[in-house]
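As structure tokens, the structure follows; a few thoughts come after it.
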Amino acid sequence: MADSAVIDLNSDVGESFGRWRLGDDDAVLALVTSANVACGFHAGDPSTLRRCCESAAARGVAVGAQVGYRDLAGFGRRFLDVEPGELADDIVYQVGALEAMARVAGTRVSYVKPHGALYNAAVHHEGHARAVVEAVRAYDPSLPVLGLPGSALLRRAEAAGLRAVREAFADRGYTPDGTLVPRGEPAAVLEDPAEVARRVVRLVTQGQVSAVDGSVVAVDAESVCLHGDTPGAVEMARRVRATLAEAGVTVRAFG
């Protein structure tokens with residue numbers, strides 16, 4: 001189980017594109033300790049990414065590269081059968097692009113986390129898990145990789161000598177085997193801030209979460225994700241922070 005007194009809170013940000021706006025990045029960044037910043041392939045344009053990095057830097061929030069499939073139309077939530085070598089190149093490209101924005105904002109990329117369909121694919125898809133790991137190792141082997149406990153991604157990251165950071169989800173439904181309920185299915189996304197806050201405290205202090213069938217799933221996590229595009233995301237993050245504080249849990253970046 002994760003340290004019962006300390007947890008990192010991360011959230012997806014930088015996902016607006018042009019005149020299209022998604023989420024309130026500044027409000028979310030005031031509440032989390034790590035920011036999964038889009039890299040332009042599933043969401044985000046250069047100006048959005050730079051502003052997001054500047055906001056994170058001003059608040060002392062760690063910047064992570066949230067890499068995904070080249071799928072703007074599908075928001076990176078559609079599996080793409082990409083050849084692993086090509087996928088690895090796409091990931092290096094994304095991390096490098098965000099690193100440039102982070103540098104001019106006075107910060108740096110400090111970890112990598114796959115987004116959406118790539119995140120879920122890397123739980124079991126050996127080729128795509130390998131592509132993520134090989135890209136990170138080639139770019140900067142000091143960068144940690146965030147992923148689901150028990151995933152092919154984290155197993156391969158550890159084998160390659162990378163730091164593998166186990167992640168849990170505050171606002172997503174779990175299956176009995178510890179994976180996430182696919183979006184579009186019942187109970188895939190939780191929207192009640194009070195319920196989510198109680199769930200996070202239990203996860204951090206007891207290492208447990210209830211699956212959709214009512215069974216108890218053991219979850220060993222160093223970081224907890226709150227999705228920035230979940231309805232009521234800001235209020236949810238506020239409630240989680242307050243409830244963790246009441247429980248005596250320290251919230252800080254895992255790095």
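Residue names in the structure tokens use chain letters A, B, ... in the order shown, residue numbers from 1 in each chain, and ligand numbers from 1 in the order shown.
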
Quiz item: Out of segment 65-251 of chain A, which residues get helix (DSSP H, G or I) from DSSP, as an NGL selection string?
Solution: :A and (84-104 or 116-124 or 126-139 or 152-159 or 193-206 or 233-246)

Practice problem: Give the strand (DSSP E or B) residues of segment 26-237 of chain A, as assigned by DSSP on the backbone, as a PyMOL selection string. | Solution: chain A and resi 34-38+62-67+109-114+145-147+164-169+172+174+180+189+208-210+216-218+223-225

Quiz item: Pick the closest to Val28 of chain A from A:Ser47, A:Thr230, A:Thr243, A:Asn120: which is it, counting only C-alpha atoms?
Solution: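 Closest to Val28 of chain A of all the choices is A:Thr230.
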
Report as a Markdown table the residues of segment 92-133 of chain A within 12 Å of segment 11-15 of chain A, each with its shortest atom pair and distance in Å (one decimal), using only C-alpha atoms, ordered by chain and increasing residue number.
| residue | atom | partner | partner_atom | distance |
| --- | --- | --- | --- | --- |
| A:Leu98 | CA | A:Gly14 | CA | 10.6 |
| A:Met101 | CA | A:Gly14 | CA | 11.7 |
| A:Lys113 | CA | A:Asp12 | CA | 9.9 |
| A:Pro114 | CA | A:Asp12 | CA | 10.7 |
| A:His115 | CA | A:Asp12 | CA | 8.7 |
| A:Gly116 | CA | A:Asp12 | CA | 10.4 |

Practice problem: Point out the residue among A:Leu180, A:Ala73, A:Ala247, A:Leu29 with the least atom-to-atom distance to Ala121 of chain A, counting only C-alpha atoms. | Solution: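 Ranking A:Leu180, A:Ala73, A:Ala247, A:Leu29 by distance to Ala121 of chain A, first place goes to A:Leu180.
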
Self-check item: Within 10 Å of Leu49 of chain A using only C-alpha atoms, minus same-chain residues under 2 positions, as a ChimeraX atom specification
Solution: /A:13-17,37-40,43-47,51-55,97-98,100-102,105

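Residues in contact with Val6 of chain A at 10 Å, where only C-alpha atoms are counted and same-chain residues fewer than 4 positions away are skipped, are listed as Ala2, Val204, Thr205, Glu222, Ser223, Leu244, Gly248, Val249, Thr250, Val251, Arg252, Ala253 and Phe254 of chain A.
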
Practice problem: Can you pull out every residue within 9 Å of Arg163 of chain A, counting only C-alpha atoms, but drop anything in the same chain fewer than 4 positions away, and send it as a list in words? | Solution: Pro141, Ser142, Leu143, Pro144, Val145, Leu146, Leu154, Ala157 and Glu158 of chain A

For Val216 of chain A, list every protein, DNA or RNA residue within 12 Å, evaluated using only C-alpha atoms, and leave out those in the same chain fewer than 6 positions away; present the list as a CSV table (one decimal) with C-alpha atoms, in the first residue's frame.
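Writing done, so here's result_5.csv:
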chain,number,residue,atom,x,y,z
A,174,TYR,CA,-12.9,-0.3,-11.2
A,175,THR,CA,-13.6,-3.8,-12.4
A,176,PRO,CA,-13.0,-6.7,-10.0
A,177,ASP,CA,-9.6,-7.4,-11.6
A,178,GLY,CA,-8.4,-3.9,-10.8
A,199,ARG,CA,-13.1,6.9,-1.9
A,202,ARG,CA,-10.0,4.9,1.8
A,203,LEU,CA,-7.6,4.2,-1.1
A,206,GLN,CA,-6.4,1.4,3.5
A,207,GLY,CA,-5.2,0.6,0.0
A,208,GLN,CA,-8.7,-0.5,-1.0
A,209,VAL,CA,-11.3,0.6,-3.5
A,210,SER,CA,-14.8,-0.9,-4.2

Self-check item: Residue nearest Glu167 of chain A among A:Pro193, A:Gly147, A:Gly184, A:Gly64 (counting only C-alpha atoms)
Solution: A:Gly147

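Take the candidates A:Gly161, A:Gly150, A:Pro186, A:Gly76 and check each one against Ala221 of chain A using only C-alpha atoms; the shortest distance goes to A:Gly150.
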
Quiz item: In Å, with one decimal, what is the gap from atom CA of Leu31 of chain A to atom CA of Leu9 of chain A?
Solution: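 Calculated distance between atom CA of Leu31 of chain A and atom CA of Leu9 of chain A is 8.3 Å.
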
Practice problem: Could you please determine the separation between atom CA of Ala88 of chain A and atom CA of Ala135 of chain A in Å, to one decimal place? | Solution: 4.9 Å

Quiz prompt | Spatial neighbours of Arg183 of chain A, max dist 10 Å, only C-alpha atoms, sep filter under 5 positions, as a PyMOL selection string | solution = chain A and resi 77+116+172-173+188-189

Let me see the file: selected residues, N, CA and C atoms, as a compact mmCIF listing (two decimals), in the first residue's frame.
# COMPACT_ATOMS: atom_id res chain seq x y z
N ARG A 77 -8.99 8.69 -27.34
CA ARG A 77 -9.71 7.63 -26.63
C ARG A 77 -10.12 6.48 -27.55
N GLY A 116 -5.54 8.18 -22.14
CA GLY A 116 -6.70 7.56 -22.76
C GLY A 116 -6.51 6.14 -23.24
N ARG A 172 -12.93 7.17 -11.45
CA ARG A 172 -13.23 6.14 -12.44
C ARG A 172 -13.63 4.85 -11.74
N GLY A 173 -14.58 4.13 -12.37
CA GLY A 173 -15.01 2.85 -11.83
C GLY A 173 -13.96 1.77 -12.07
N ALA A 188 -18.72 4.01 -15.18
CA ALA A 188 -17.33 4.23 -15.61
C ALA A 188 -16.74 5.48 -14.98
N VAL A 189 -17.59 6.51 -14.79
CA VAL A 189 -17.13 7.78 -14.24
C VAL A 189 -17.98 8.15 -13.04

Quiz item: In Å, with one decimal, what is the gap from atom CA of Glu86 of chain A to atom CA of Leu72 of chain A?
Solution: 17.3 Å

Self-check item: Option closest in space to Leu162 of chain A, from A:Ala138, A:Ala117, A:Ala218, A:Ile7 [counting only C-alpha atoms]
Solution: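 Of all the options, A:Ala138 lies closest to Leu162 of chain A.
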